[in-house]
$ cat upload-v7.csv   # CSV, C-alpha atoms
chain,number,residue,atom,x,y,z
A,1400,MET,CA,2.5,-73.5,-9.8
A,1401,ALA,CA,4.6,-75.8,-12.1
A,1402,THR,CA,3.6,-76.3,-15.6
A,1403,THR,CA,4.6,-78.9,-18.0
A,1404,SER,CA,5.1,-78.2,-21.7
A,1405,LYS,CA,3.5,-80.4,-24.3
A,1406,LEU,CA,6.0,-82.5,-26.2
A,1407,LEU,CA,5.9,-82.1,-30.0
A,1408,THR,CA,4.8,-85.2,-31.9
A,1409,TYR,CA,6.2,-86.4,-35.2
A,1410,GLU,CA,2.8,-85.6,-36.9
A,1411,GLU,CA,2.8,-82.0,-35.4
A,1412,TRP,CA,6.4,-81.5,-36.4
A,1413,LEU,CA,5.6,-82.4,-40.1
A,1414,LYS,CA,3.0,-79.5,-40.1
A,1415,LEU,CA,5.4,-76.9,-38.9
A,1416,PRO,CA,6.8,-74.3,-41.4
A,1417,GLU,CA,10.4,-74.5,-42.3
A,1418,VAL,CA,12.5,-71.9,-40.4
A,1419,GLU,CA,15.7,-70.0,-40.9
A,1420,GLY,CA,18.6,-71.2,-38.8
A,1421,ILE,CA,19.1,-74.6,-37.2
A,1422,GLU,CA,16.5,-76.4,-35.2
A,1423,GLU,CA,16.7,-79.9,-33.7
A,1424,VAL,CA,14.0,-81.7,-31.8
A,1425,VAL,CA,15.3,-83.8,-28.9
A,1426,ASN,CA,12.8,-85.9,-26.9
A,1427,GLY,CA,9.9,-83.8,-28.3
A,1428,GLU,CA,11.4,-80.4,-27.5
A,1429,ILE,CA,12.5,-78.0,-30.1
A,1430,ARG,CA,16.1,-76.7,-29.7
A,1431,LYS,CA,17.0,-73.6,-31.6
A,1432,MET,CA,20.6,-72.9,-32.3
A,1433,PRO,CA,22.3,-69.7,-33.5
A,1434,PRO,CA,23.9,-69.7,-37.0
A,1435,ASN,CA,27.4,-71.1,-37.1
A,1436,LYS,CA,30.3,-68.8,-36.4
A,1437,ILE,CA,32.7,-68.4,-39.4
A,1438,LEU,CA,35.5,-70.7,-38.0
A,1439,ARG,CA,32.9,-73.5,-37.6
A,1440,ALA,CA,31.3,-72.8,-41.0
A,1441,ASP,CA,34.6,-72.7,-42.8
A,1442,THR,CA,35.7,-76.0,-41.2
A,1443,VAL,CA,32.4,-77.7,-42.4
A,1444,GLU,CA,32.8,-76.3,-45.9
A,1445,ASN,CA,36.5,-77.3,-46.1
A,1446,LEU,CA,35.8,-80.9,-45.1
A,1447,THR,CA,32.7,-81.1,-47.3
A,1448,ASP,CA,34.7,-80.0,-50.3
A,1449,LEU,CA,37.5,-82.5,-49.6
A,1450,LEU,CA,35.1,-85.4,-49.2
A,1451,LYS,CA,33.1,-84.5,-52.3
A,1452,ALA,CA,36.2,-84.3,-54.4
A,1453,LYS,CA,37.1,-87.9,-53.4
A,1454,LEU,CA,33.7,-89.6,-53.5
A,1455,ASP,CA,31.6,-90.7,-56.4
A,1456,SER,CA,28.5,-88.5,-56.3
A,1457,LYS,CA,26.5,-91.1,-58.2
A,1458,THR,CA,26.8,-93.6,-55.4
A,1459,VAL,CA,27.6,-91.5,-52.3
A,1460,GLN,CA,26.0,-88.4,-51.1
A,1461,VAL,CA,27.7,-85.8,-48.8
A,1462,ARG,CA,25.0,-83.7,-47.0
A,1463,VAL,CA,25.7,-80.6,-45.1
A,1464,SER,CA,23.5,-79.3,-42.1
A,1465,THR,CA,20.5,-78.4,-44.3
A,1466,PHE,CA,18.5,-81.5,-43.7
A,1467,GLY,CA,16.7,-83.4,-40.9
A,1468,LEU,CA,17.9,-86.8,-39.7
A,1469,VAL,CA,15.1,-88.5,-37.8
A,1470,ILE,CA,16.4,-90.6,-35.0
A,1471,LEU,CA,13.1,-91.5,-33.2
A,1472,ARG,CA,9.5,-90.8,-34.0
A,1473,ASP,CA,8.4,-91.2,-30.4
A,1474,PRO,CA,9.5,-89.3,-28.5
A,1475,LEU,CA,10.5,-87.2,-31.6
A,1476,THR,CA,14.2,-86.8,-32.0
A,1477,ALA,CA,15.5,-85.2,-35.2
A,1478,ARG,CA,19.1,-84.0,-35.5
A,1479,VAL,CA,20.9,-81.8,-38.0
A,1480,PRO,CA,24.5,-83.1,-38.3
A,1481,ASP,CA,27.1,-80.8,-39.7
A,1482,ILE,CA,28.1,-83.3,-42.3
A,1483,ALA,CA,26.6,-86.7,-43.1
A,1484,VAL,CA,27.9,-89.2,-45.8
A,1485,PHE,CA,25.3,-91.6,-47.2
A,1486,ILE,CA,25.5,-94.5,-49.6
A,1487,ARG,CA,22.6,-93.3,-51.9
A,1488,SER,CA,21.0,-96.8,-52.2
A,1489,ASN,CA,20.8,-97.1,-48.4
A,1490,VAL,CA,18.9,-93.8,-47.8
A,1491,VAL,CA,15.4,-94.1,-46.4
A,1492,GLU,CA,13.4,-90.9,-47.1
A,1493,ILE,CA,10.0,-90.5,-45.5
A,1494,ASP,CA,7.9,-87.3,-45.4
A,1495,GLY,CA,10.9,-85.4,-46.8
A,1496,TYR,CA,13.3,-86.4,-44.0
A,1497,ILE,CA,16.0,-89.0,-43.8
A,1498,HIS,CA,15.2,-92.0,-41.5
A,1499,SER,CA,18.3,-94.0,-42.1
A,1500,ALA,CA,21.8,-94.0,-40.7
A,1501,PRO,CA,24.6,-92.4,-42.7
A,1502,GLU,CA,27.9,-94.2,-43.0
A,1503,LEU,CA,29.7,-91.2,-41.4
A,1504,ILE,CA,28.6,-88.2,-39.4
A,1505,VAL,CA,30.9,-85.3,-38.7
A,1506,GLU,CA,30.2,-82.8,-35.9
A,1507,VAL,CA,32.2,-79.7,-35.5
A,1508,LEU,CA,32.5,-78.5,-31.9
A,1509,SER,CA,31.8,-74.9,-30.9
A,1510,PRO,CA,32.9,-73.4,-27.6
A,1511,ALA,CA,29.2,-73.3,-26.5
A,1512,ASN,CA,28.8,-77.1,-26.8
A,1513,THR,CA,28.5,-78.8,-23.4
A,1514,ARG,CA,29.7,-82.2,-22.6
A,1515,ALA,CA,26.2,-83.4,-21.7
A,1516,GLU,CA,24.9,-82.2,-25.1
A,1517,ARG,CA,27.7,-84.0,-26.9
A,1518,VAL,CA,27.0,-87.3,-25.0
A,1519,GLU,CA,23.3,-87.0,-25.7
A,1520,GLU,CA,24.0,-86.4,-29.4
A,1521,LEU,CA,26.4,-89.4,-29.6
A,1522,ARG,CA,23.8,-91.6,-27.9
A,1523,ASP,CA,21.2,-90.6,-30.5
A,1524,TYR,CA,23.7,-91.5,-33.3
A,1525,GLU,CA,24.4,-94.8,-31.6
A,1526,SER,CA,20.7,-95.6,-31.4
A,1527,LEU,CA,20.4,-95.0,-35.2
A,1528,GLY,CA,23.3,-97.3,-35.8
A,1529,VAL,CA,25.7,-94.8,-37.3
A,1530,PRO,CA,29.0,-96.7,-37.7
A,1531,GLU,CA,31.4,-93.8,-37.5
A,1532,VAL,CA,31.4,-90.2,-36.1
A,1533,TRP,CA,34.2,-87.7,-36.4
A,1534,VAL,CA,34.2,-84.9,-33.8
A,1535,LEU,CA,36.3,-81.9,-35.0
A,1536,SER,CA,37.6,-79.2,-32.8
A,1537,PRO,CA,38.8,-76.2,-34.9
A,1538,GLU,CA,40.2,-74.6,-31.7
A,1539,ALA,CA,42.3,-77.6,-30.7
A,1540,LEU,CA,42.9,-78.7,-34.3
A,1541,THR,CA,41.9,-82.3,-33.5
A,1542,VAL,CA,39.8,-85.0,-35.0
A,1543,GLU,CA,38.3,-87.5,-32.6
A,1544,VAL,CA,37.2,-90.7,-34.4
A,1545,LEU,CA,34.4,-92.8,-32.8
A,1546,GLN,CA,33.3,-96.1,-34.2
A,1547,LEU,CA,30.3,-98.2,-33.3
A,1548,LYS,CA,31.4,-101.3,-31.4
A,1549,GLU,CA,28.9,-103.6,-29.7
A,1550,GLY,CA,26.2,-100.9,-30.1
A,1551,ARG,CA,28.3,-98.1,-28.5
A,1552,LEU,CA,30.3,-95.3,-30.1
A,1553,ALA,CA,33.8,-95.6,-28.8
A,1554,THR,CA,36.8,-93.3,-29.4
A,1555,THR,CA,39.4,-95.2,-31.6
A,1556,ALA,CA,41.7,-92.2,-32.4
A,1557,LEU,CA,42.4,-88.6,-31.5
A,1558,LEU,CA,44.4,-87.1,-34.3
A,1559,ARG,CA,46.2,-83.8,-34.8
A,1560,GLU,CA,48.1,-84.7,-38.0
A,1561,GLY,CA,48.4,-87.3,-40.7
A,1562,ARG,CA,45.6,-88.6,-42.9
A,1563,ILE,CA,42.2,-89.7,-42.0
A,1564,ALA,CA,39.8,-91.9,-44.1
A,1565,PRO,CA,36.2,-92.8,-43.4
A,1566,LEU,CA,35.8,-96.5,-42.4
A,1567,HIS,CA,33.6,-97.3,-45.4
A,1568,PHE,CA,35.3,-94.9,-47.9
A,1569,SER,CA,39.0,-95.6,-47.7
A,1570,GLN,CA,39.4,-93.8,-51.1
A,1571,ALA,CA,38.5,-90.5,-49.4
A,1572,ALA,CA,41.6,-90.1,-47.3
A,1573,ILE,CA,42.0,-86.5,-46.1
A,1574,ASP,CA,45.1,-84.7,-44.9
A,1575,ILE,CA,44.1,-83.4,-41.5
A,1576,PRO,CA,45.7,-80.0,-41.9
A,1577,ALA,CA,43.6,-79.4,-45.0
A,1578,ILE,CA,40.5,-79.5,-42.9
A,1579,TRP,CA,41.2,-76.4,-40.9
A,1580,PRO,CA,40.6,-72.9,-42.4
A,1581,LYS,CA,43.7,-70.9,-43.1
$ encode --input "upload-v7.csv" --output "structure tokens"
Amino acid sequence: MATTSKLLTYEEWLKLPEVEGIEEVVNGEIRKMPPNKILRADTVENLTDLLKAKLDSKTVQVRVSTFGLVILRDPLTARVPDIAVFIRSNVVEIDGYIHSAPELIVEVLSPANTRAERVEELRDYESLGVPEVWVLSPEALTVEVLQLKEGRLATTALLREGRIAPLHFSQAAIDIPAIWPK
């Protein structure tokens, strides 16, 4: 006999206790993820440090995967980006979670990520109106830059070297080799 699981609502989610590790909710279903492996964690840390050093913390906030970004309330979808860069005055916080699009999201791939998961995640960011997403591959040493054009995130560059700057923060140009752990 087939059973259907009940989808988690926004109101139910708010009542859940905070947990260790990373959890996202996609279309009402909780997805638990293992802790980041060291290569991925070091990549996130390196880029976060580089961005924070070049951005004014009074007006711009660089958040690391320790917060929930609500994409939809029904069906509930809440993501945990590896890095998100917000203009502080644009942040909409409700019930302790962010409900507004950051100016930049950075996702660091792990070997376990599937293509379908990546496409689903990018569609969620599109629906929120995120103007730019960087997808980093520490294994391939590449940065894929996607920008929102006509409501869709489209790849505008695939970089292995040179400098990269967020669309809305040109002062934060980063040398690509500095992103990768040594």
$ residues_around --input "upload-v7.csv" --residues "A:Gly1467" --least-positions-apart "2" --cutoff "9 Å" --atoms "all atoms listed in the file" --output "list in words"
Glu1423, Ser1464, Thr1465, Val1469, Ala1477, Arg1478, Val1479, Pro1480, Gly1495, Tyr1496, Ile1497 and His1498 of chain A
$ residues_near_point --input "upload-v7.csv" --point "(29.5, -85.6, -44.7)" --cutoff "6 Å" --atoms "all atoms listed in the file" --output "VMD selection string"
chain A and resid 1461 to 1462 1482 to 1484 1504
$ residues_around --input "upload-v7.csv" --residues "stretch 1517-1522 of chain A" --least-positions-apart "2" --cutoff "9 Å" --atoms "all atoms listed in the file" --output "PyMOL selection string"
chain A and resi 1478+1508+1512-1515+1524-1527+1532+1551-1552
$ closest_residue --input "upload-v7.csv" --among "A:Asp1523, A:Asp1481, A:Asp1473, A:Glu1531" --to "A:Ala1553" --atoms "all atoms listed in the file"
A:Glu1531
$ closest_residue --input "upload-v7.csv" --among "A:Leu1558, A:Leu1540, A:Leu1545, A:Val1491" --to "A:Lys1581" --atoms "all atoms listed in the file"
A:Leu1540
$ residues_near_point --input "upload-v7.csv" --point "(40.3, -82.8, -43.4)" --cutoff "9 Å" --atoms "only C-alpha atoms" --output "JSON, numbers by chain"
{"A": [1442, 1445, 1446, 1447, 1449, 1450, 1542, 1562, 1563, 1572, 1573, 1574, 1575, 1576, 1577, 1578, 1579]}
$ closest_residue --input "upload-v7.csv" --among "A:Phe1466, A:Gly1561, A:Leu1454, A:Arg1487" --to "A:Glu1417" --atoms "all atoms listed in the file"
A:Phe1466
$ atom_distance --input "upload-v7.csv" --atom1 "atom CA of A:Val1443" --atom2 "atom CA of A:Val1463"
7.8 Å
$ closest_residue --input "upload-v7.csv" --among "A:Pro1433, A:Gly1528, A:Pro1416, A:Gly1427" --to "A:Thr1476" --atoms "all atoms listed in the file"
A:Gly1427
